[in-house]
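This is upload-v7.csv (CSV, N, CA and C atoms).
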```csv
chain,number,residue,atom,x,y,z
A,940,MET,N,41.5,61.1,187.5
A,940,MET,CA,42.4,60.4,186.6
A,940,MET,C,42.2,60.9,185.1
A,941,GLU,N,40.9,61.1,184.7
A,941,GLU,CA,40.7,61.7,183.4
A,941,GLU,C,41.2,63.1,183.3
A,942,LYS,N,41.1,63.8,184.3
A,942,LYS,CA,41.6,65.2,184.3
A,942,LYS,C,43.2,65.2,184.1
A,943,LYS,N,43.9,64.3,184.8
A,943,LYS,CA,45.3,64.2,184.6
A,943,LYS,C,45.7,63.8,183.2
A,944,LEU,N,44.9,62.8,182.7
A,944,LEU,CA,45.2,62.3,181.3
A,944,LEU,C,45.0,63.5,180.3
A,945,LEU,N,43.9,64.3,180.5
A,945,LEU,CA,43.6,65.4,179.6
A,945,LEU,C,44.8,66.4,179.7
A,946,GLN,N,45.2,66.7,180.9
A,946,GLN,CA,46.3,67.7,181.1
A,946,GLN,C,47.6,67.2,180.4
A,947,TYR,N,47.9,65.9,180.5
A,947,TYR,CA,49.0,65.3,179.9
A,947,TYR,C,48.9,65.4,178.4
A,948,PHE,N,47.7,65.2,177.8
A,948,PHE,CA,47.5,65.2,176.4
A,948,PHE,C,47.8,66.6,175.9
A,949,PHE,N,47.2,67.7,176.6
A,949,PHE,CA,47.4,69.0,176.1
A,949,PHE,C,48.9,69.5,176.3
A,950,ALA,N,49.5,69.0,177.3
A,950,ALA,CA,50.9,69.4,177.5
A,950,ALA,C,51.8,68.8,176.3
A,951,LEU,N,51.4,67.6,175.9
A,951,LEU,CA,52.1,66.9,174.8
A,951,LEU,C,51.9,67.7,173.5
A,952,MET,N,50.6,68.1,173.3
A,952,MET,CA,50.3,68.9,172.1
A,952,MET,C,51.1,70.2,172.1
A,953,ILE,N,51.2,70.9,173.2
A,953,ILE,CA,52.0,72.1,173.2
A,953,ILE,C,53.5,71.8,173.0
A,954,ILE,N,54.0,70.8,173.5
A,954,ILE,CA,55.4,70.5,173.3
A,954,ILE,C,55.6,70.2,171.8
A,955,ASN,N,54.8,69.4,171.2
A,955,ASN,CA,54.9,69.0,169.8
A,955,ASN,C,54.8,70.3,168.9
A,956,THR,N,53.9,71.2,169.3
A,956,THR,CA,53.7,72.4,168.5
A,956,THR,C,54.9,73.3,168.5
A,957,PHE,N,55.5,73.4,169.7
A,957,PHE,CA,56.6,74.4,169.8
A,957,PHE,C,58.0,73.8,169.7
A,958,SER,N,58.1,72.5,169.4
A,958,SER,CA,59.4,71.8,169.3
A,958,SER,C,59.8,71.5,167.9
A,959,GLN,N,59.3,72.3,167.0
A,959,GLN,CA,59.7,72.0,165.6
A,959,GLN,C,61.2,72.2,165.4
A,960,GLN,N,61.9,71.2,164.9
A,960,GLN,CA,63.3,71.2,164.7
A,960,GLN,C,63.7,72.0,163.5
A,961,LYS,N,64.7,72.9,163.6
A,961,LYS,CA,65.2,73.6,162.5
A,961,LYS,C,66.1,72.7,161.8
A,962,THR,N,65.9,72.6,160.5
A,962,THR,CA,66.8,71.7,159.7
A,962,THR,C,67.8,72.4,158.8
A,963,TRP,N,68.1,73.7,159.2
A,963,TRP,CA,69.0,74.5,158.5
A,963,TRP,C,70.0,75.2,159.4
A,964,ASP,N,71.2,75.6,158.9
A,964,ASP,CA,72.2,76.2,159.7
A,964,ASP,C,72.0,77.7,159.7
A,965,LYS,N,71.8,78.3,158.6
A,965,LYS,CA,71.7,79.8,158.4
A,965,LYS,C,70.3,80.1,158.0
A,966,ASP,N,69.6,81.0,158.8
A,966,ASP,CA,68.2,81.4,158.6
A,966,ASP,C,68.1,82.1,157.2
A,967,PRO,N,66.8,82.1,156.7
A,967,PRO,CA,66.6,82.8,155.5
A,967,PRO,C,66.5,84.3,155.8
A,968,TYR,N,66.7,85.2,154.8
A,968,TYR,CA,66.5,86.6,155.1
A,968,TYR,C,66.1,87.3,153.8
A,969,TYR,N,65.5,88.5,154.0
A,969,TYR,CA,65.1,89.3,152.9
A,969,TYR,C,66.2,90.1,152.4
A,970,LYS,N,66.5,90.1,151.1
A,970,LYS,CA,67.7,90.7,150.5
A,970,LYS,C,67.8,92.2,150.8
A,971,GLU,N,66.7,92.9,150.8
A,971,GLU,CA,66.7,94.3,151.0
A,971,GLU,C,66.5,94.8,152.4
A,972,GLY,N,66.6,93.8,153.3
A,972,GLY,CA,66.5,94.1,154.8
A,972,GLY,C,65.1,94.1,155.4
A,973,ASN,N,65.1,94.0,156.7
A,973,ASN,CA,63.8,93.9,157.4
A,973,ASN,C,62.9,95.1,157.2
A,974,LYS,N,63.5,96.3,157.2
A,974,LYS,CA,62.7,97.5,157.1
A,974,LYS,C,61.9,97.5,155.7
A,975,LYS,N,62.6,97.1,154.7
A,975,LYS,CA,62.0,97.1,153.3
A,975,LYS,C,60.9,96.0,153.3
A,976,HIS,N,61.2,94.8,153.9
A,976,HIS,CA,60.3,93.7,154.0
A,976,HIS,C,59.0,94.2,154.7
A,977,ASN,N,59.2,94.8,155.8
A,977,ASN,CA,58.0,95.3,156.6
A,977,ASN,C,57.2,96.3,155.9
A,978,GLU,N,57.9,97.2,155.1
A,978,GLU,CA,57.1,98.1,154.3
A,978,GLU,C,56.3,97.4,153.2
A,979,GLU,N,56.9,96.4,152.5
A,979,GLU,CA,56.2,95.7,151.5
A,979,GLU,C,55.0,94.9,152.1
A,980,PHE,N,55.3,94.3,153.2
A,980,PHE,CA,54.2,93.5,153.9
A,980,PHE,C,53.1,94.4,154.3
A,981,GLN,N,53.4,95.6,154.8
A,981,GLN,CA,52.4,96.6,155.3
A,981,GLN,C,51.6,97.0,154.1
A,982,ARG,N,52.2,97.2,152.9
A,982,ARG,CA,51.5,97.6,151.7
A,982,ARG,C,50.5,96.5,151.3
A,983,ALA,N,50.9,95.3,151.4
A,983,ALA,CA,50.0,94.1,151.1
A,983,ALA,C,48.8,94.1,152.1
A,984,ILE,N,49.2,94.3,153.4
A,984,ILE,CA,48.1,94.3,154.4
A,984,ILE,C,47.1,95.4,154.1
A,985,ASP,N,47.6,96.6,153.8
A,985,ASP,CA,46.8,97.7,153.6
A,985,ASP,C,45.8,97.5,152.4
A,986,TYR,N,46.4,96.8,151.4
A,986,TYR,CA,45.5,96.5,150.2
A,986,TYR,C,44.5,95.4,150.5
A,987,ALA,N,45.0,94.3,151.0
A,987,ALA,CA,44.1,93.1,151.1
A,987,ALA,C,43.3,93.1,152.4
A,988,VAL,N,43.9,93.3,153.5
A,988,VAL,CA,43.1,93.2,154.8
A,988,VAL,C,42.2,94.3,155.0
A,989,ASP,N,42.7,95.5,154.9
A,989,ASP,CA,41.8,96.7,155.2
A,989,ASP,C,40.6,96.8,154.4
A,990,GLN,N,40.6,96.3,153.2
A,990,GLN,CA,39.5,96.4,152.3
A,990,GLN,C,38.5,95.2,152.2
A,991,ASN,N,39.1,94.0,152.5
A,991,ASN,CA,38.3,92.9,152.3
A,991,ASN,C,38.1,91.9,153.5
A,992,TYR,N,38.9,92.1,154.5
A,992,TYR,CA,38.8,91.1,155.6
A,992,TYR,C,38.8,91.8,156.9
A,993,VAL,N,38.2,91.1,157.9
A,993,VAL,CA,38.1,91.6,159.3
A,993,VAL,C,39.1,90.7,160.1
A,994,VAL,N,40.1,91.4,160.6
A,994,VAL,CA,41.1,90.6,161.5
A,994,VAL,C,41.3,91.4,162.8
A,995,TYR,N,41.5,90.7,163.9
A,995,TYR,CA,41.6,91.3,165.2
A,995,TYR,C,42.8,90.7,165.9
A,996,GLY,N,43.5,91.5,166.7
A,996,GLY,CA,44.6,91.0,167.6
A,996,GLY,C,45.8,90.5,166.8
A,997,LYS,N,46.6,89.7,167.5
A,997,LYS,CA,47.8,89.2,166.9
A,997,LYS,C,47.5,88.0,165.9
A,998,MET,N,48.2,88.1,164.8
A,998,MET,CA,48.1,87.1,163.7
A,998,MET,C,49.5,86.7,163.3
A,999,THR,N,49.7,85.4,163.1
A,999,THR,CA,51.0,84.9,162.7
A,999,THR,C,50.9,84.4,161.3
A,1000,PHE,N,51.8,84.9,160.5
A,1000,PHE,CA,51.8,84.5,159.1
A,1000,PHE,C,53.0,83.5,158.9
A,1001,THR,N,52.7,82.3,158.4
A,1001,THR,CA,53.8,81.3,158.1
A,1001,THR,C,54.2,81.5,156.7
A,1002,ILE,N,55.4,81.8,156.4
A,1002,ILE,CA,55.9,82.0,155.1
A,1002,ILE,C,56.9,80.8,154.8
A,1003,PHE,N,56.6,80.2,153.6
A,1003,PHE,CA,57.5,79.1,153.2
A,1003,PHE,C,58.5,79.7,152.2
A,1004,ILE,N,59.8,79.4,152.4
A,1004,ILE,CA,60.8,79.9,151.4
A,1004,ILE,C,61.5,78.7,150.8
A,1005,ASN,N,61.4,78.6,149.5
A,1005,ASN,CA,62.0,77.4,148.9
A,1005,ASN,C,63.5,77.6,148.7
A,1006,ASP,N,64.2,76.6,148.2
A,1006,ASP,CA,65.7,76.7,148.1
A,1006,ASP,C,66.2,77.6,147.0
A,1007,LYS,N,65.3,78.2,146.3
A,1007,LYS,CA,65.7,79.2,145.3
A,1007,LYS,C,65.4,80.7,145.8
A,1008,GLY,N,64.9,80.8,147.0
A,1008,GLY,CA,64.6,82.1,147.6
A,1008,GLY,C,63.3,82.7,147.3
A,1009,ILE,N,62.3,81.9,146.8
A,1009,ILE,CA,61.0,82.4,146.5
A,1009,ILE,C,60.1,82.1,147.7
A,1010,ALA,N,59.4,83.1,148.2
A,1010,ALA,CA,58.6,83.0,149.4
A,1010,ALA,C,57.1,82.9,149.1
A,1011,LYS,N,56.3,82.3,149.9
A,1011,LYS,CA,54.9,82.2,149.7
A,1011,LYS,C,54.3,82.0,151.1
A,1012,ILE,N,53.2,82.8,151.4
A,1012,ILE,CA,52.5,82.7,152.6
A,1012,ILE,C,51.7,81.4,152.5
A,1013,ILE,N,51.8,80.5,153.5
A,1013,ILE,CA,51.1,79.3,153.4
A,1013,ILE,C,50.0,79.1,154.5
A,1014,ASP,N,50.1,79.9,155.6
A,1014,ASP,CA,49.2,79.8,156.7
A,1014,ASP,C,49.1,81.1,157.5
A,1015,VAL,N,47.9,81.2,158.1
A,1015,VAL,CA,47.7,82.4,159.0
A,1015,VAL,C,47.0,81.8,160.2
A,1016,THR,N,47.5,82.2,161.4
A,1016,THR,CA,46.8,81.8,162.6
A,1016,THR,C,46.6,83.1,163.5
A,1017,PRO,N,45.5,83.2,164.2
A,1017,PRO,CA,44.4,82.3,164.2
A,1017,PRO,C,43.6,82.3,162.9
A,1018,LYS,N,42.8,81.3,162.6
A,1018,LYS,CA,42.1,81.2,161.4
A,1018,LYS,C,41.1,82.3,161.3
A,1019,VAL,N,40.9,82.8,160.1
A,1019,VAL,CA,39.9,83.9,159.8
A,1019,VAL,C,39.0,83.5,158.7
A,1020,LYS,N,37.8,84.1,158.7
A,1020,LYS,CA,36.8,83.9,157.6
A,1020,LYS,C,37.5,84.1,156.2
A,1021,ASN,N,37.3,83.3,155.3
A,1021,ASN,CA,37.8,83.4,153.9
A,1021,ASN,C,39.4,83.4,154.0
A,1022,GLN,N,39.9,82.5,154.8
A,1022,GLN,CA,41.4,82.5,155.0
A,1022,GLN,C,42.1,82.2,153.7
A,1023,LYS,N,41.7,81.3,152.9
A,1023,LYS,CA,42.3,80.9,151.6
A,1023,LYS,C,42.4,82.1,150.7
A,1024,MET,N,41.3,82.9,150.6
A,1024,MET,CA,41.3,84.1,149.8
A,1024,MET,C,42.2,85.1,150.3
A,1025,LEU,N,42.3,85.3,151.7
A,1025,LEU,CA,43.3,86.2,152.3
A,1025,LEU,C,44.7,85.9,151.9
A,1026,ILE,N,45.0,84.6,152.0
A,1026,ILE,CA,46.4,84.2,151.7
A,1026,ILE,C,46.7,84.4,150.2
A,1027,ASP,N,45.7,84.1,149.4
A,1027,ASP,CA,45.9,84.3,147.9
A,1027,ASP,C,46.1,85.8,147.6
A,1028,ASP,N,45.3,86.6,148.2
A,1028,ASP,CA,45.4,88.1,148.0
A,1028,ASP,C,46.7,88.6,148.4
A,1029,LEU,N,47.2,88.2,149.6
A,1029,LEU,CA,48.5,88.6,150.1
A,1029,LEU,C,49.6,88.2,149.2
A,1030,ASN,N,49.6,86.9,148.8
A,1030,ASN,CA,50.6,86.4,147.9
A,1030,ASN,C,50.6,87.1,146.6
A,1031,TYR,N,49.4,87.5,146.1
A,1031,TYR,CA,49.3,88.2,144.8
A,1031,TYR,C,50.0,89.6,144.9
A,1032,VAL,N,49.7,90.3,146.0
A,1032,VAL,CA,50.3,91.6,146.2
A,1032,VAL,C,51.8,91.5,146.5
A,1033,LEU,N,52.2,90.5,147.1
A,1033,LEU,CA,53.6,90.3,147.4
A,1033,LEU,C,54.4,89.5,146.3
A,1034,LYS,N,53.8,89.4,145.2
A,1034,LYS,CA,54.4,88.6,144.1
A,1034,LYS,C,55.9,89.0,143.8
A,1035,LYS,N,56.1,90.3,143.6
A,1035,LYS,CA,57.5,90.8,143.3
A,1035,LYS,C,58.4,90.6,144.5
A,1036,SER,N,58.0,91.1,145.7
A,1036,SER,CA,58.9,91.0,146.8
A,1036,SER,C,59.1,89.6,147.3
A,1037,ASN,N,58.2,88.7,147.0
A,1037,ASN,CA,58.4,87.3,147.5
A,1037,ASN,C,59.6,86.6,146.7
A,1038,LYS,N,60.1,87.2,145.7
A,1038,LYS,CA,61.3,86.7,145.0
A,1038,LYS,C,62.6,87.2,145.5
A,1039,LYS,N,62.6,88.0,146.5
A,1039,LYS,CA,63.7,88.7,147.0
A,1039,LYS,C,64.3,88.2,148.3
A,1040,TRP,N,64.1,86.9,148.5
A,1040,TRP,CA,64.6,86.2,149.7
A,1040,TRP,C,65.9,85.5,149.4
A,1041,VAL,N,66.7,85.3,150.4
A,1041,VAL,CA,67.9,84.4,150.3
A,1041,VAL,C,67.5,83.2,151.1
A,1042,SER,N,67.5,82.1,150.5
A,1042,SER,CA,67.1,80.9,151.2
A,1042,SER,C,68.0,80.5,152.4
A,1043,ALA,N,67.4,79.7,153.3
A,1043,ALA,CA,68.2,79.2,154.4
A,1043,ALA,C,69.3,78.2,153.8
A,1044,THR,N,70.3,78.0,154.5
A,1044,THR,CA,71.3,77.0,154.1
A,1044,THR,C,71.7,76.0,155.1
A,1045,LYS,N,72.0,74.8,154.6
A,1045,LYS,CA,72.5,73.8,155.5
A,1045,LYS,C,73.9,73.5,155.0
A,1046,GLY,N,74.9,73.8,155.7
A,1046,GLY,CA,76.3,73.8,155.2
A,1046,GLY,C,76.4,74.9,154.2
A,1047,THR,N,76.7,74.5,152.9
A,1047,THR,CA,76.7,75.5,151.8
A,1047,THR,C,75.6,75.4,150.9
A,1048,LYS,N,74.7,74.4,151.1
A,1048,LYS,CA,73.6,74.1,150.2
A,1048,LYS,C,72.3,74.8,150.6
A,1049,PRO,N,71.6,75.5,149.6
A,1049,PRO,CA,70.3,76.2,149.9
A,1049,PRO,C,69.3,75.1,150.3
A,1050,VAL,N,68.4,75.4,151.3
A,1050,VAL,CA,67.4,74.4,151.6
A,1050,VAL,C,66.1,75.2,151.8
A,1051,GLN,N,65.0,74.5,151.9
A,1051,GLN,CA,63.7,75.0,152.1
A,1051,GLN,C,63.6,75.4,153.6
A,1052,SER,N,62.8,76.4,153.9
A,1052,SER,CA,62.6,76.8,155.3
A,1052,SER,C,61.3,77.5,155.5
A,1053,PHE,N,61.0,77.8,156.8
A,1053,PHE,CA,59.8,78.6,157.1
A,1053,PHE,C,60.2,79.8,157.9
A,1054,TYR,N,59.4,80.9,157.7
A,1054,TYR,CA,59.6,82.1,158.4
A,1054,TYR,C,58.3,82.5,159.0
A,1055,HIS,N,58.3,82.9,160.3
A,1055,HIS,CA,57.0,83.3,161.0
A,1055,HIS,C,57.1,84.8,161.3
A,1056,LEU,N,56.0,85.5,160.8
A,1056,LEU,CA,55.9,86.9,161.0
A,1056,LEU,C,54.6,87.2,161.8
A,1057,THR,N,54.7,87.8,163.0
A,1057,THR,CA,53.6,88.1,163.8
A,1057,THR,C,53.2,89.6,163.7
A,1058,ILE,N,52.0,89.9,163.5
A,1058,ILE,CA,51.5,91.3,163.4
A,1058,ILE,C,50.4,91.4,164.3
A,1059,ASN,N,50.4,92.6,165.1
A,1059,ASN,CA,49.3,92.9,166.0
A,1059,ASN,C,48.4,93.9,165.3
A,1060,PHE,N,47.1,93.4,165.0
A,1060,PHE,CA,46.2,94.3,164.4
A,1060,PHE,C,45.4,95.0,165.6
A,1061,ASN,N,45.7,96.3,165.8
A,1061,ASN,CA,45.0,97.0,166.9
A,1061,ASN,C,43.6,97.4,166.4
A,1062,THR,N,42.6,96.9,167.1
A,1062,THR,CA,41.2,97.1,166.7
A,1062,THR,C,40.5,98.2,167.5
A,1063,GLU,N,41.2,98.8,168.5
A,1063,GLU,CA,40.6,99.8,169.3
A,1063,GLU,C,40.6,101.1,168.6
A,1064,VAL,N,39.5,101.8,168.5
A,1064,VAL,CA,39.5,103.1,167.8
A,1064,VAL,C,39.0,104.1,168.9
A,1065,TYR,N,39.8,105.2,168.9
A,1065,TYR,CA,39.4,106.2,169.9
A,1065,TYR,C,39.0,107.5,169.2
A,1066,ASP,N,37.9,108.1,169.6
A,1066,ASP,CA,37.4,109.3,169.1
A,1066,ASP,C,37.6,110.4,170.1
A,1067,HIS,N,38.5,111.3,169.8
A,1067,HIS,CA,38.8,112.4,170.8
A,1067,HIS,C,37.9,113.6,170.4
A,1068,ASP,N,37.2,114.1,171.4
A,1068,ASP,CA,36.4,115.4,171.2
A,1068,ASP,C,37.2,116.6,171.4
```
I need this file expressed as structure tokens, please.
Amino acid sequence: MEKKLLQYFFALMIINTFSQQKTWDKDPYYKEGNKKHNEEFQRAIDYAVDQNYVVYGKMTFTIFINDKGIAKIIDVTPKVKNQKMLIDDLNYVLKKSNKKWVSATKGTKPVQSFYHLTINFNTEVYDHD
């Protein structure tokens, strides 16, 4: 009985986690296109992560975009050591590019939204002789 109850609880947690309702009609997007956004984000990663933080595997960055089109990284999963400093460093490096978003819209009105970006940090290093 306890096992069933525990399974039900975890199933409910998963459903709640993945069933976030979208409250906008049109998704936010980067004004200069995905390629430019990826380049800017890679530049920030090269600066902040490679020099100061140890990250492994897939990481998801949650980006909040306000109704004026200004973005800010608000969360990183899975959690890493010195996470708040990592987020602050990335937001600092992305200060210029974070102002180049077009906010999501509901009808014709700009609204706040979230954008999720997943990056796979490959940690395997091969030394070929």
_Can you tell me which residues surround range 1000-1010 of chain A at a distance of at most 10 Å, considering only C-alpha atoms, apart from same-chain residues fewer than 3 positions away, and format the answer as a PyMOL selection string?_
chain A and resi 967-970+997+1013-1017+1026+1030+1033-1044+1048-1058
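When atom N of Tyr992 in chain A is paired with CA of Asp1027 in chain A, their separation reads 12.4 Å.
Secondary structure from DSSP on the backbone puts strand (DSSP E) at the following positions of range 948-1052 of chain A: Tyr968, Tyr969, Gly996, Lys997, Met998, Thr999, Phe1000, Thr1001, Ile1002, Phe1003, Ile1004, Ala1010, Lys1011, Ile1012, Ile1013, Asp1014, Val1015, Thr1016, Trp1040, Val1041, Ala1043, Thr1044, Lys1045, Lys1048, Pro1049, Val1050 and Ser1052 of chain A.
Nearest to Lys1018 in chain A of all the residues A:Thr999, A:Asn973, A:Gln981, A:Lys965 is A:Thr999, counting only C-alpha atoms.
Pairwise distance (CA of Phe1060 in chain A, CA of Gly996 in chain A) equals 4.9 Å.
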*Would you mind telling me which residue in A:Asp966, A:Val988, A:Lys974, A:Lys961 lies nearest to Leu1025 in chain A when using only N, CA and C atoms?*
A:Val988
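The interatomic distance for the pair atom C of Glu979 in chain A and CA of Lys1045 in chain A works out to 27.6 Å.
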